[in-house]
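File shown: start_38.cif. Contents: mmCIF, C-alpha atoms.
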```
data_upload
#
loop_
_atom_site.label_atom_id
_atom_site.label_comp_id
_atom_site.auth_asym_id
_atom_site.auth_seq_id
_atom_site.Cartn_x
_atom_site.Cartn_y
_atom_site.Cartn_z
CA MET A 1 25.40 62.82 19.39
CA LEU A 2 28.96 62.85 18.10
CA ALA A 3 27.79 62.87 14.47
CA ILE A 4 25.41 65.74 15.15
CA THR A 5 27.94 67.84 17.08
CA THR A 6 30.52 67.17 14.38
CA ALA A 7 28.06 68.11 11.62
CA ILE A 8 27.46 71.51 13.19
CA GLY A 9 31.16 72.10 13.81
CA LEU A 10 31.36 71.70 17.59
CA VAL A 11 33.68 68.68 17.30
CA ARG A 12 36.55 68.39 14.83
CA LEU A 13 36.56 65.59 12.30
CA PRO A 14 39.40 63.07 12.25
CA TYR A 15 41.84 63.85 9.43
CA GLU A 16 40.55 61.14 7.07
CA LEU A 17 36.96 62.37 7.39
CA SER A 18 38.02 66.01 7.07
CA LEU A 19 39.25 65.15 3.56
CA LEU A 20 35.81 63.77 2.71
CA ASP A 21 34.23 66.87 4.21
CA GLN A 22 36.40 69.03 1.95
CA ARG A 23 35.25 67.08 -1.13
CA LEU A 24 31.54 67.00 -0.14
CA PRO A 25 31.17 69.79 2.43
CA GLN A 26 27.42 70.33 2.73
CA LEU A 27 26.55 66.79 1.72
CA PHE A 28 28.79 65.05 4.24
CA ARG A 29 27.62 67.27 7.08
CA ALA A 30 23.98 66.77 6.03
CA HIS A 31 24.60 63.02 6.14
CA MET A 32 26.15 63.17 9.61
CA ALA A 33 23.35 65.34 10.98
CA SER A 34 20.41 63.47 9.43
CA ALA A 35 21.77 59.98 10.12
CA GLY A 36 22.71 61.02 13.66
CA LEU A 37 19.20 62.37 14.30
CA ALA A 38 17.71 59.18 12.83
CA LEU A 39 19.90 57.09 15.13
CA LEU A 40 18.54 59.02 18.12
CA LEU A 41 14.89 59.10 17.01
CA ILE A 42 14.46 55.45 15.97
CA PRO A 43 14.79 54.04 19.51
CA CYS A 44 12.57 56.86 20.79
CA ALA A 45 9.86 55.93 18.28
CA ILE A 46 10.14 52.27 19.30
CA ALA A 47 9.93 53.17 23.00
CA LEU A 48 6.86 55.33 22.33
CA HIS A 49 4.95 52.53 20.57
CA GLY A 50 1.37 52.67 21.79
CA PHE A 51 1.58 56.34 22.79
CA SER A 52 0.29 59.31 20.82
CA MET A 53 3.81 60.70 20.29
CA HIS A 54 4.88 57.53 18.44
CA LYS A 55 3.46 58.79 15.15
CA VAL A 56 5.19 62.21 15.31
CA VAL A 57 8.53 60.80 16.41
CA GLY A 58 8.24 57.90 13.95
CA ARG A 59 7.53 60.23 11.03
CA SER A 60 10.46 62.43 12.02
CA ALA A 61 12.72 59.38 12.29
CA ALA A 62 11.58 58.18 8.85
CA ILE A 63 12.33 61.57 7.29
CA PHE A 64 15.83 61.62 8.81
CA VAL A 65 16.48 57.99 7.77
CA VAL A 66 15.56 58.79 4.16
CA MET A 67 17.76 61.90 4.25
CA GLY A 68 20.60 60.00 5.95
CA GLY A 69 20.30 57.06 3.57
CA ALA A 70 20.09 59.23 0.46
CA THR A 71 23.13 61.30 1.46
CA ALA A 72 25.02 58.12 2.39
CA LEU A 73 25.12 57.08 -1.27
CA PRO A 74 27.32 59.90 -2.65
CA VAL A 75 29.28 60.00 0.62
CA ALA A 76 30.10 56.28 0.28
CA LEU A 77 31.16 56.79 -3.34
CA GLY A 78 33.31 59.80 -2.41
CA SER A 79 35.01 58.04 0.48
CA ASP A 80 38.69 57.10 0.49
CA ALA A 81 37.80 53.64 1.82
CA SER A 82 38.50 50.55 -0.25
CA LEU A 83 36.01 49.56 -2.93
CA PRO A 84 34.51 46.70 -0.84
CA ALA A 85 34.04 49.06 2.11
CA ARG A 86 32.45 51.74 -0.07
CA ALA A 87 30.14 49.10 -1.58
CA GLY A 88 29.07 48.00 1.92
CA LEU A 89 28.34 51.55 3.02
CA PHE A 90 26.47 52.26 -0.22
CA ALA A 91 24.39 49.08 0.16
CA GLN A 92 23.64 50.01 3.77
CA GLY A 93 22.27 53.38 2.65
CA LEU A 94 20.12 51.77 -0.04
CA VAL A 95 18.70 49.05 2.22
CA TRP A 96 18.14 51.47 5.10
CA THR A 97 16.17 53.83 2.86
CA GLY A 98 14.28 51.03 1.11
CA LEU A 99 13.16 49.34 4.32
CA THR A 100 12.04 52.68 5.76
CA LEU A 101 9.93 53.41 2.69
CA ALA A 102 8.48 49.87 2.86
CA ALA A 103 7.61 50.46 6.55
CA VAL A 104 5.82 53.70 5.64
CA VAL A 105 3.83 51.91 2.93
CA ALA A 106 2.99 49.12 5.40
CA ILE A 107 1.65 51.45 8.09
CA ARG A 108 -0.34 53.47 5.56
CA GLY A 109 -1.89 50.20 4.41
CA GLY A 110 -2.77 49.21 7.97
CA ARG A 111 -0.27 46.34 8.04
CA TYR A 112 0.90 46.91 11.61
CA GLN A 113 2.94 43.73 12.10
CA ARG A 114 4.81 44.26 8.84
CA HIS A 115 5.47 47.88 9.82
CA LYS A 116 6.74 46.83 13.24
CA TRP A 117 9.23 44.31 11.90
CA LEU A 118 10.37 46.57 9.07
CA MET A 119 11.08 49.36 11.55
CA LEU A 120 12.98 46.96 13.79
CA ALA A 121 15.02 46.08 10.70
CA VAL A 122 15.61 49.80 10.11
CA ALA A 123 16.83 50.09 13.71
CA ALA A 124 19.12 47.10 13.21
CA ILE A 125 20.67 48.72 10.15
CA ALA A 126 21.04 52.01 12.04
CA SER A 127 22.96 50.16 14.75
CA GLY A 128 25.56 49.44 12.08
CA ALA A 129 26.95 52.94 12.61
CA LEU A 130 27.79 52.04 16.20
CA TRP A 131 29.21 48.61 15.33
CA LEU A 132 31.34 50.13 12.57
CA ARG A 133 32.83 52.70 14.99
CA LEU A 134 33.53 49.98 17.54
CA THR A 135 35.21 47.78 14.92
CA THR A 136 37.28 50.73 13.69
CA TRP A 137 38.44 51.40 17.25
CA VAL A 138 39.31 47.71 17.77
CA ALA A 139 41.22 47.57 14.47
CA ALA A 140 43.26 50.64 15.39
CA ASN A 141 43.97 49.54 18.97
CA TRP A 142 44.71 45.90 18.22
CA ALA A 143 46.87 46.66 15.18
CA LEU A 144 44.58 44.71 12.84
CA PRO A 145 44.95 45.30 9.08
CA PHE A 146 42.73 48.36 8.86
CA ASP A 147 41.54 48.23 5.23
CA ILE A 148 40.51 44.58 5.44
CA THR A 149 38.88 44.98 8.86
CA TYR A 150 37.03 48.10 7.74
CA ALA A 151 35.78 46.45 4.55
CA VAL A 152 34.45 43.44 6.47
CA ALA A 153 32.91 45.73 9.10
CA ALA A 154 31.28 47.93 6.44
CA TRP A 155 29.15 44.90 5.54
CA ALA A 156 28.93 42.91 8.79
CA SER A 157 28.10 45.91 11.00
CA TRP A 158 24.62 46.19 9.51
CA LEU A 159 24.03 42.80 7.87
CA LEU A 160 24.46 40.80 11.08
CA PRO A 161 21.98 42.89 13.14
CA LEU A 162 19.58 42.85 10.17
CA ALA A 163 19.84 39.06 9.90
CA ALA A 164 19.19 38.71 13.63
CA ILE A 165 16.03 40.85 13.43
CA GLY A 166 14.93 38.96 10.33
CA ALA A 167 15.30 35.62 12.12
CA MET A 168 13.43 36.89 15.18
CA GLY A 169 10.66 38.29 13.01
CA ARG A 170 10.26 35.04 11.10
CA ARG A 171 10.05 33.07 14.36
CA ALA A 172 7.57 35.52 15.87
CA MET A 173 5.36 35.50 12.82
CA ALA A 174 5.50 31.71 12.59
CA ARG A 175 4.16 31.51 16.16
CA VAL A 176 1.31 33.84 15.22
CA ALA A 177 0.31 31.86 12.15
CA PRO A 178 2.17 28.50 12.00
CA ALA A 179 0.29 27.34 8.93
CA ASP A 180 1.53 30.34 6.98
CA SER A 181 5.14 30.58 8.17
CA SER A 182 6.43 30.72 4.59
CA ARG A 183 5.20 34.32 4.41
CA ALA A 184 7.29 35.40 7.44
CA ALA A 185 7.68 38.79 9.03
CA PHE A 186 8.84 40.81 6.05
CA GLY A 187 6.48 39.23 3.55
CA ALA A 188 3.02 39.25 5.06
CA ASP A 189 0.86 40.35 7.93
CA HIS A 190 -0.92 38.19 10.37
CA GLY A 191 -2.69 40.62 12.62
#
```

If you took the structure in this file and wrote it as structure tokens, what would it be?
Amino acid sequence: MLAITTAIGLVRLPYELSLLDQRLPQLFRAHMASAGLALLLIPCAIALHGFSMHKVVGRSAAIFVVMGGATALPVALGSDASLPARAGLFAQGLVWTGLTLAAVVAIRGGRYQRHKWLMLAVAAIASGALWLRLTTWVAANWALPFDITYAVAAWASWLLPLAAIGAMGRRAMARVAPADSSRAAFGADHG
């Protein structure tokens, strides 16, 4: 909600982000709004699985993820963060968008299990926004070296949740088809 209210001007940006907003005014606000809406809609789509509204909410979430991921790329490049941090944020935008598009292709092809695990991976990457904010707060309040902490967090905040979902998906898919566990959750469907 904070990203959305900031994007529409109801909440002021911190100084560092206001500089980015000055450099990329419409683009940065479009990123905040679309990524914020995606962050809200993804869990709603997951919660609505099995209900008729799942498709509408899921499609909306996918549109906002693609918009948020696409706008994340120039925003990451235009950031004042260190090069490793910008690379992590850029990679997050690419992977987030790519997995969402793969999930759309999977559902259109009737590969429901693949779609499910890809969308859980999308949700895991989206959670990186929350983990990054938490890490930033910890770094500031515990007097940690900010640039180093932020660079590590720019990668770990989304890679660790993604790895956890990947591991869970591989285990779940191995239980479904133990003889074919080499094709795991992100590589094949088993039902």

Worksheet item: Once the PyMOL selection byres ((chain A and resi 35-44) around 8) has been applied to the shown file, what residues remain in the selection, as JSON, numbers by chain?
Response: {"A": [1, 2, 3, 4, 31, 32, 33, 34, 45, 46, 47, 48, 57, 58, 60, 61, 62, 64, 65, 67, 68, 69, 123, 126, 127]}

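Distances here use only C-alpha atoms; by that measure, the residue among A:Val75, A:Arg86, A:Ile63, A:Leu120 closest to Leu17 in chain A is A:Val75.
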
Practice prompt. For the file shown, report as a list in words the outcome of the PyMOL selection byres ((chain A and resi 157) around 10) at residue level.
Written response: Gly88, Leu89, Gln92, Ala124, Ile125, Ala126, Ser127, Gly128, Ala129, Leu130, Trp131, Leu132, Arg133, Leu134, Thr135, Tyr150, Val152, Ala153, Ala154, Trp155, Ala156, Trp158, Leu159, Leu160, Pro161 and Leu162 of chain A

Practice prompt. Quote the spacing between CA of Ala164 in chain A and CA of Trp142 in chain A in Å to one decimal place.
Written response: 26.9 Å

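Using all atoms listed in the file, the protein and nucleic acid residues lying at most 8 Å from the point (20.1, 54.0, -3.4) are Gly69, Ala70, Leu73, Phe90, Ala91, Gly93, Leu94, Val95, Thr97 and Gly98 of chain A.
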
Item to complete: Quick one: pull the distance between CA of Gly50 in chain A and CA of Thr100 in chain A, Å, one decimal.
Response: 19.3 Å

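The nearest approach to His115 in chain A among the residues A:Trp137, A:His49, A:Phe28, A:Ile148, with only C-alpha atoms taken into account, belongs to A:His49.
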
Discussion item. If we count all atoms listed in the file and set the cut-off at 9 Å, which residues sit around Leu20 in chain A, ignoring sequence neighbours fewer than 2 positions away in its own chain? Please answer as an MDAnalysis selection string.
Written reply: chainID A and resid 16:18 22:25 28 75 78:80

Worksheet, complete the sentence: Residue with the minimum atom-to-atom distance to Ala139 in chain A, picked from A:Ala172, A:Ala151, A:Thr71, A:Trp117 with all atoms listed in the file counted, is A:Ala151

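If only C-alpha atoms are the atoms counted, then among A:Leu118, A:Ala143, A:Val56, A:Val11 the closest residue to Ala102 in chain A is A:Leu118.
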
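Atom pair CA of Ala163 in chain A / CA of Ala121 in chain A has a distance of 8.6 Å (rounded to one decimal).
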